[in-house]
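Structure file upload-v4.csv (CSV, C-alpha atoms and all ligand atoms) follows.
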chain,number,residue,atom,x,y,z
A,24,MET,CA,-8.8,5.4,-11.2
A,25,ARG,CA,-11.5,3.1,-9.9
A,26,ILE,CA,-10.9,0.9,-6.9
A,27,ASP,CA,-13.2,-1.9,-5.8
A,28,VAL,CA,-12.8,-3.9,-2.6
A,29,VAL,CA,-14.5,-7.2,-1.9
A,30,THR,CA,-14.7,-8.1,1.9
A,31,ILE,CA,-16.9,-9.7,4.5
A,32,PHE,CA,-16.3,-6.6,6.7
A,33,PRO,CA,-17.2,-3.6,4.5
A,34,GLY,CA,-17.1,-1.3,7.6
A,35,TYR,CA,-13.4,-2.0,7.9
A,36,LEU,CA,-12.9,0.1,4.7
A,37,ALA,CA,-14.8,3.2,6.1
A,38,PRO,CA,-11.5,5.0,6.8
A,39,LEU,CA,-10.9,5.3,3.0
A,40,ARG,CA,-13.7,7.8,2.9
A,41,GLU,CA,-12.1,10.0,5.5
A,42,ALA,CA,-9.6,12.9,5.2
A,43,LEU,CA,-7.3,13.1,2.2
A,44,LEU,CA,-8.7,10.0,0.5
A,45,GLY,CA,-12.2,11.0,1.2
A,46,ARG,CA,-11.6,14.4,-0.5
A,47,ALA,CA,-10.0,12.7,-3.5
A,48,ILE,CA,-13.2,10.6,-3.9
A,49,GLU,CA,-15.4,13.7,-3.5
A,50,ALA,CA,-13.2,15.5,-6.1
A,51,GLY,CA,-13.7,12.6,-8.5
A,52,LEU,CA,-10.0,11.8,-8.6
A,53,VAL,CA,-10.7,8.2,-7.6
A,54,GLU,CA,-13.9,6.1,-7.4
A,55,LEU,CA,-14.3,3.6,-4.6
A,56,GLY,CA,-16.7,0.7,-4.5
A,57,VAL,CA,-16.8,-1.6,-1.4
A,58,HIS,CA,-18.7,-4.9,-1.7
A,59,ASP,CA,-19.9,-7.4,0.8
A,60,LEU,CA,-18.8,-10.9,-0.2
A,61,ARG,CA,-21.8,-12.4,1.5
A,62,ASP,CA,-24.0,-10.7,-1.1
A,63,TRP,CA,-22.9,-13.6,-3.4
A,64,THR,CA,-23.8,-16.4,-1.0
A,65,HIS,CA,-27.1,-18.3,-1.5
A,66,ASP,CA,-27.5,-20.3,1.8
A,67,VAL,CA,-29.3,-19.2,4.9
A,68,HIS,CA,-26.0,-19.1,6.8
A,69,GLN,CA,-24.3,-17.0,4.1
A,70,ALA,CA,-21.3,-19.4,4.4
A,71,VAL,CA,-18.1,-18.0,2.9
A,72,ASP,CA,-15.6,-20.6,4.2
A,73,ASP,CA,-15.2,-24.4,4.7
A,74,SER,CA,-12.7,-26.9,6.1
A,75,PRO,CA,-9.3,-27.2,4.3
A,76,TYR,CA,-8.7,-30.3,2.2
A,77,GLY,CA,-5.7,-32.2,3.7
A,78,GLY,CA,-6.8,-31.2,7.2
A,79,GLY,CA,-5.1,-28.6,9.3
A,80,PRO,CA,-6.3,-25.7,11.4
A,81,GLY,CA,-8.7,-23.0,10.4
A,82,MET,CA,-11.0,-22.5,7.4
A,83,VAL,CA,-10.5,-21.7,3.8
A,84,MET,CA,-12.7,-19.2,1.8
A,85,ARG,CA,-14.9,-21.0,-0.7
A,86,PRO,CA,-14.0,-20.5,-4.4
A,87,GLN,CA,-17.7,-20.5,-5.6
A,88,VAL,CA,-18.6,-17.4,-3.6
A,89,TRP,CA,-15.4,-15.6,-4.6
A,90,GLY,CA,-15.9,-16.5,-8.2
A,91,GLU,CA,-19.4,-15.1,-8.3
A,92,ALA,CA,-18.3,-11.9,-6.5
A,93,LEU,CA,-15.3,-11.2,-8.7
A,94,ASP,CA,-17.2,-12.0,-11.9
A,95,ALA,CA,-19.7,-9.4,-10.9
A,96,VAL,CA,-17.3,-6.8,-9.6
A,97,LEU,CA,-14.7,-7.2,-12.4
A,98,GLY,CA,-17.3,-7.3,-15.1
A,99,GLU,CA,-15.7,-6.9,-18.6
A,100,GLU,CA,-13.5,-3.9,-17.7
A,101,PRO,CA,-9.8,-4.8,-17.4
A,102,ALA,CA,-8.4,-4.5,-13.9
A,103,ARG,CA,-5.5,-5.5,-11.8
A,104,LEU,CA,-6.7,-8.0,-9.2
A,105,VAL,CA,-4.8,-7.7,-5.9
A,106,VAL,CA,-5.0,-10.4,-3.2
A,107,PRO,CA,-3.3,-9.4,0.1
A,108,THR,CA,-1.6,-12.4,1.7
A,109,PRO,CA,1.3,-12.9,4.1
A,110,ALA,CA,2.6,-15.3,1.4
A,111,GLY,CA,2.7,-12.5,-1.2
A,112,ARG,CA,5.5,-10.5,-2.9
A,113,PRO,CA,6.4,-7.4,-0.9
A,114,PHE,CA,4.3,-4.3,-1.5
A,115,THR,CA,6.8,-1.4,-1.9
A,116,GLN,CA,6.8,2.2,-2.9
A,117,ALA,CA,7.7,0.9,-6.4
A,118,THR,CA,4.5,-1.2,-6.4
A,119,ALA,CA,2.5,1.8,-5.3
A,120,GLN,CA,4.0,3.9,-8.1
A,121,ALA,CA,3.3,1.2,-10.7
A,122,TRP,CA,-0.3,0.7,-9.5
A,123,ALA,CA,-0.9,4.4,-9.6
A,124,ALA,CA,-0.8,4.2,-13.4
A,125,GLU,CA,-3.6,1.6,-13.5
A,126,GLU,CA,-7.2,2.4,-14.5
A,127,ARG,CA,-8.7,-0.1,-12.1
A,128,LEU,CA,-7.7,-2.0,-9.0
A,129,VAL,CA,-9.8,-4.7,-7.5
A,130,PHE,CA,-8.8,-5.9,-4.0
A,131,ALA,CA,-10.0,-9.3,-2.7
A,132,CYS,CA,-9.8,-9.4,1.1
A,133,GLY,CA,-9.2,-12.9,2.5
A,134,ARG,CA,-9.8,-14.0,6.0
A,135,TYR,CA,-9.2,-17.2,8.0
A,136,GLU,CA,-6.5,-19.3,6.3
A,137,GLY,CA,-7.0,-17.4,3.1
A,138,ILE,CA,-8.8,-17.9,-0.2
A,139,ASP,CA,-8.9,-21.2,-2.2
A,140,GLN,CA,-5.9,-21.0,-4.5
A,141,ARG,CA,-8.1,-21.8,-7.5
A,142,VAL,CA,-9.5,-18.3,-7.3
A,143,VAL,CA,-6.1,-16.7,-8.0
A,144,ASP,CA,-5.4,-19.4,-10.6
A,145,ALA,CA,-8.7,-18.9,-12.4
A,146,TYR,CA,-8.4,-15.1,-12.7
A,147,ALA,CA,-4.7,-15.2,-13.7
A,148,ASP,CA,-6.0,-16.1,-17.2
A,149,ARG,CA,-8.1,-13.0,-17.4
A,150,GLY,CA,-5.6,-10.3,-16.3
A,151,PRO,CA,-2.9,-9.4,-13.9
A,152,VAL,CA,-3.2,-10.8,-10.4
A,153,ASP,CA,-0.9,-9.8,-7.6
A,154,GLU,CA,-0.6,-11.7,-4.4
A,155,VAL,CA,1.1,-9.1,-2.1
A,156,SER,CA,2.1,-8.7,1.5
A,157,ILE,CA,2.6,-5.5,3.4
A,158,GLY,CA,5.1,-7.0,5.8
A,159,ASP,CA,6.5,-10.1,7.5
A,160,TYR,CA,3.7,-10.5,10.0
A,161,VAL,CA,0.3,-12.1,9.9
A,162,LEU,CA,-2.9,-10.0,10.1
A,163,VAL,CA,-6.4,-11.4,10.8
A,164,GLY,CA,-7.6,-10.4,7.3
A,165,GLY,CA,-6.6,-8.5,4.2
A,166,GLU,CA,-8.7,-5.4,5.0
A,167,VAL,CA,-6.0,-3.6,6.9
A,168,ALA,CA,-3.5,-4.3,4.2
A,169,VAL,CA,-5.9,-2.8,1.6
A,170,LEU,CA,-6.2,0.4,3.7
A,171,VAL,CA,-2.4,0.6,3.6
A,172,MET,CA,-2.0,-0.1,-0.1
A,173,VAL,CA,-4.9,2.1,-1.2
A,174,GLU,CA,-3.5,5.1,0.7
A,175,ALA,CA,0.0,4.5,-0.7
A,176,VAL,CA,-1.4,4.4,-4.2
A,177,VAL,CA,-4.0,7.2,-4.1
A,178,ARG,CA,-1.7,9.8,-2.6
A,179,LEU,CA,0.4,9.4,-5.8
A,180,LEU,CA,-2.5,10.3,-8.1
A,181,PRO,CA,-2.3,13.7,-9.7
A,182,GLY,CA,-4.2,16.3,-7.7
A,183,VAL,CA,-4.5,14.3,-4.5
A,184,LEU,CA,-1.6,15.8,-2.6
A,185,GLY,CA,-1.6,19.6,-2.2
A,186,ASN,CA,2.1,19.7,-3.2
A,187,PRO,CA,3.0,17.2,-5.9
A,188,VAL,CA,6.7,17.6,-4.9
A,189,SER,CA,6.0,15.8,-1.7
A,190,ALA,CA,5.4,12.6,-3.5
A,191,GLN,CA,8.5,13.0,-5.5
A,192,GLU,CA,10.5,13.5,-2.3
A,193,ASP,CA,9.0,10.6,-0.5
A,194,SER,CA,11.1,8.2,1.4
A,195,PHE,CA,12.2,5.5,-1.0
A,196,SER,CA,11.5,7.7,-4.0
A,197,ASP,CA,15.3,8.0,-4.5
A,198,GLY,CA,16.0,4.7,-2.8
A,199,LEU,CA,16.8,6.2,0.5
A,200,LEU,CA,14.9,6.9,3.7
A,201,GLU,CA,13.9,10.5,4.3
A,202,GLY,CA,16.0,12.3,6.9
A,203,PRO,CA,14.8,14.2,9.9
A,204,ALA,CA,12.4,17.2,9.5
A,205,TYR,CA,12.1,20.3,11.7
A,206,THR,CA,9.7,23.3,12.2
A,207,ARG,CA,9.3,26.1,14.6
A,208,PRO,CA,10.3,26.8,17.4
A,209,VAL,CA,14.0,27.0,16.7
A,210,SER,CA,14.6,25.7,20.3
A,211,TRP,CA,12.3,23.2,22.0
A,212,ARG,CA,13.0,21.6,25.4
A,213,GLY,CA,16.7,22.5,25.0
A,214,LEU,CA,16.9,20.9,21.5
A,215,ASP,CA,17.8,23.2,18.6
A,216,VAL,CA,17.1,23.0,14.9
A,217,PRO,CA,20.4,22.3,13.1
A,218,ASP,CA,21.9,25.7,12.1
A,219,VAL,CA,22.4,24.7,8.4
A,220,LEU,CA,18.6,24.5,7.9
A,221,ARG,CA,18.3,28.2,8.9
A,222,SER,CA,21.4,29.3,6.9
A,223,GLY,CA,19.6,30.0,3.6
A,224,ASN,CA,22.5,28.2,1.9
A,225,HIS,CA,20.4,25.9,-0.3
A,226,ALA,CA,23.4,23.8,-1.5
A,227,ALA,CA,24.5,23.2,2.0
A,228,ILE,CA,21.0,22.4,3.1
A,229,ALA,CA,20.6,19.9,0.2
A,230,ARG,CA,24.0,18.3,1.1
A,231,TRP,CA,23.0,18.1,4.8
A,232,ARG,CA,19.7,16.5,4.0
A,233,ARG,CA,21.3,14.0,1.7
A,234,ASP,CA,23.9,13.1,4.3
A,235,ARG,CA,21.2,12.6,7.0
A,236,ALA,CA,19.2,10.4,4.5
A,237,LEU,CA,22.3,8.3,3.8
A,238,GLU,CA,23.1,8.1,7.5
A,239,ARG,CA,19.6,7.0,8.4
A,240,THR,CA,19.4,4.5,5.6
A,241,ALA,CA,22.8,2.9,6.5
A,242,ALA,CA,21.7,2.6,10.1
A,243,ARG,CA,18.1,1.4,9.6
A,244,ARG,CA,17.9,-0.2,6.2
A,245,PRO,CA,21.4,-1.1,4.8
A,246,ASP,CA,19.5,-3.4,2.4
A,247,LEU,CA,18.2,-0.3,0.6
A,248,LEU,CA,21.8,0.9,0.1
A,249,ASP,CA,22.9,-2.4,-1.3
A,250,ALA,CA,19.9,-2.3,-3.7
A,251,LEU,CA,20.8,1.2,-5.2
A,252,PRO,CA,21.9,1.2,-8.8
A,253,PRO,CA,25.6,1.8,-9.3
A,254,ASP,CA,25.2,5.4,-10.4
A,255,ALA,CA,22.8,6.3,-7.6
A,256,LEU,CA,25.5,7.6,-5.3
A,257,ASP,CA,27.7,10.5,-6.4
A,258,ARG,CA,31.3,11.2,-5.2
A,259,ALA,CA,30.0,13.4,-2.4
A,260,ASP,CA,27.7,10.6,-1.3
A,261,ARG,CA,30.5,8.2,-1.2
A,262,ALA,CA,32.6,10.6,0.8
A,263,PHE,CA,29.9,10.6,3.4
B,1,LIG,N1,0.4,-9.5,6.2
B,1,LIG,C1,-0.9,-10.1,5.9
B,1,LIG,N2,-1.6,-10.9,6.7
B,1,LIG,C2,-2.8,-11.3,6.2
B,1,LIG,C3,-3.7,-12.2,6.7
B,1,LIG,C4,-4.8,-12.5,6.0
B,1,LIG,BR1,-6.0,-13.8,6.8
B,1,LIG,C5,-5.1,-12.0,4.8
B,1,LIG,C6,-4.2,-11.1,4.2
B,1,LIG,C7,-3.0,-10.8,4.9
B,1,LIG,S1,-1.7,-9.7,4.4
Could you show the structure in this file as structure tokens?
Amino acid sequence: MRIDVVTIFPGYLAPLREALLGRAIEAGLVELGVHDLRDWTHDVHQAVDDSPYGGGPGMVMRPQVWGEALDAVLGEEPARLVVPTPAGRPFTQATAQAWAAEERLVFACGRYEGIDQRVVDAYADRGPVDEVSIGDYVLVGGEVAVLVMVEAVVRLLPGVLGNPVSAQEDSFSDGLLEGPAYTRPVSWRGLDVPDVLRSGNHAAIARWRRDRALERTAARRPDLLDALPPDALDRADRAF
């Protein structure tokens, strides 16, 4: 997979070259290009924004600069263009799984009041364009959202995680939140590891883990339970 990011703050994307993701890049599992939007400005001030038509607070990012940048970065290779925005569709684990199958992702990081809408409209004719949000809150720019989404996607690529089973057992992978996890010591500050996890009874352990996942999901994200397909819960789950 190749990932390109266009931003006025390239340094914001430096964490993508650290740790797990950095090792994935070094191993050639993913290619990363970070591009400074101002490289496509032609004025002495390198202006990337202007006042909004219709008035209102803040500035809007200019379509001409974004058009030249995305034409250059996209080139002729097909790619999914992703525009983080608080007005976007929710980015979920299912989105990450779908994008992990893509050959190319290009992220356009907006700032200010966002990017002139005509940029999204113009590129929608060339290929898939996703306006997505990582949550119901407003950031100062799209860069942090790109860090989140790139990590969620790249960790799903074959060979990135040491143990591929981890990704299969993620929270949300079966529609539920993951339950609690424990490691040594067996007793810590008067708190003990649940006996079942030390019993060696794998069926009982699996049941206990499923029950804790159902319990946590019901308490914290009942919307996820409501969204489960009818056959997702078996009789034992329903008894829980
Ligand atoms: N939740 C999000 N907030 C923002 C703000 C800007 Br400005 C650009 C993208 C995003 S995604």
Legend entry - Test item: which residues lie within 7 Å of (-20.9, -7.8, 1.4) counting only C-alpha atoms, as a PyMOL selection string: chain A and resi 30-31+33+58-62
Legend entry - Protein and nucleic acid residues within 6 Å of ligand LIG 1 (chain B) (all atoms listed in the file) as a VMD selection string: chain A and resid 107 to 109 133 to 137 156 to 158 160 to 165 168
Restrict the selected residues to C-alpha atoms and save them as a PDB file, in the coordinates of the input.
ATOM      1  CA  PRO A 107      -3.300  -9.400   0.100  1.00  0.00           C
ATOM      2  CA  THR A 108      -1.600 -12.400   1.700  1.00  0.00           C
ATOM      3  CA  PRO A 109       1.300 -12.900   4.100  1.00  0.00           C
ATOM      4  CA  GLY A 133      -9.200 -12.900   2.500  1.00  0.00           C
ATOM      5  CA  ARG A 134      -9.800 -14.000   6.000  1.00  0.00           C
ATOM      6  CA  TYR A 135      -9.200 -17.200   8.000  1.00  0.00           C
ATOM      7  CA  GLU A 136      -6.500 -19.300   6.300  1.00  0.00           C
ATOM      8  CA  GLY A 137      -7.000 -17.400   3.100  1.00  0.00           C
ATOM      9  CA  SER A 156       2.100  -8.700   1.500  1.00  0.00           C
ATOM     10  CA  ILE A 157       2.600  -5.500   3.400  1.00  0.00           C
ATOM     11  CA  GLY A 158       5.100  -7.000   5.800  1.00  0.00           C
ATOM     12  CA  TYR A 160       3.700 -10.500  10.000  1.00  0.00           C
ATOM     13  CA  VAL A 161       0.300 -12.100   9.900  1.00  0.00           C
ATOM     14  CA  LEU A 162      -2.900 -10.000  10.100  1.00  0.00           C
ATOM     15  CA  VAL A 163      -6.400 -11.400  10.800  1.00  0.00           C
ATOM     16  CA  GLY A 164      -7.600 -10.400   7.300  1.00  0.00           C
ATOM     17  CA  GLY A 165      -6.600  -8.500   4.200  1.00  0.00           C
ATOM     18  CA  ALA A 168      -3.500  -4.300   4.200  1.00  0.00           C
TER      19      ALA A 168
END
Using only C-alpha atoms, which residues sit within 12 Å of Pro252 of chain A once same-chain residues fewer than 6 positions away are excluded, as a CSV table (one decimal) with C-alpha atoms, in the frame of the given file?
chain,number,residue,atom,x,y,z
A,197,ASP,CA,15.3,8.0,-4.5
A,198,GLY,CA,16.0,4.7,-2.8
A,199,LEU,CA,16.8,6.2,0.5
Inset, instruction - Tell me, as a ChimeraX atom specification, which residues lie within 10 Å of Ala175 of chain A, counting all atoms listed in the file; anything in the same chain fewer than 2 positions away does not count. - result: /A:114-116,118-120,122-123,169-173,177-180
Inset, instruction - Would you mind reading off the distance between atom CA of Leu97 of chain A and atom CA of Tyr35 of chain A, one decimal, in Å? - result: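 Atom CA of Leu97 of chain A sits 21.0 Å away from atom CA of Tyr35 of chain A.
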Inset, instruction - Tell me, as an MDAnalysis selection string, which residues lie within 12 Å of Thr240 of chain A, counting all atoms listed in the file; anything in the same chain fewer than 2 positions away does not count. - result: chainID A and resid 194:195 197:203 233:238 242:251
Inset, instruction - One decimal, Å: what's the distance from atom CA of Gly150 of chain A over to atom CA of Glu174 of chain A, could you say? - result: 23.0 Å
Legend entry - Neighbour list for Val96 of chain A as a list of chain:residue names, cut-off 12 Å, only C-alpha atoms, skip fewer than 4 positions in-chain: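 Returned residues: A:Arg25, A:Ile26, A:Asp27, A:Val28, A:Val29, A:Thr30, A:Leu55, A:Gly56, A:Val57, A:His58, A:Asp59, A:Leu60, A:Asp62, A:Trp63, A:Trp89, A:Gly90, A:Glu91, A:Ala92, A:Glu100, A:Pro101, A:Ala102, A:Leu104, A:Arg127, A:Leu128, A:Val129, A:Phe130, A:Ala131.
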Inset, instruction - Find the residue from A:Glu166, A:Asp257, A:Asp153, A:Asp66 that sits nearest to Val88 of chain A; use all atoms listed in the file when measuring. - result: A:Asp66
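Among the candidate residues A:Val83, A:Ala204, A:Val155, A:Leu52, the one lying nearest to Pro217 of chain A is A:Ala204, with distances computed using all atoms listed in the file.
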Legend entry - Two-atom distance - atom CA of Asp159 of chain A, atom CA of Val106 of chain A (Å):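 Atom CA of Val106 of chain A lies 15.7 Å from atom CA of Asp159 of chain A.
When only C-alpha atoms are used to measure the gap to Arg141 of chain A, the shortest distance among A:Leu36, A:Val67, A:Val53, A:Met84 belongs to A:Met84.
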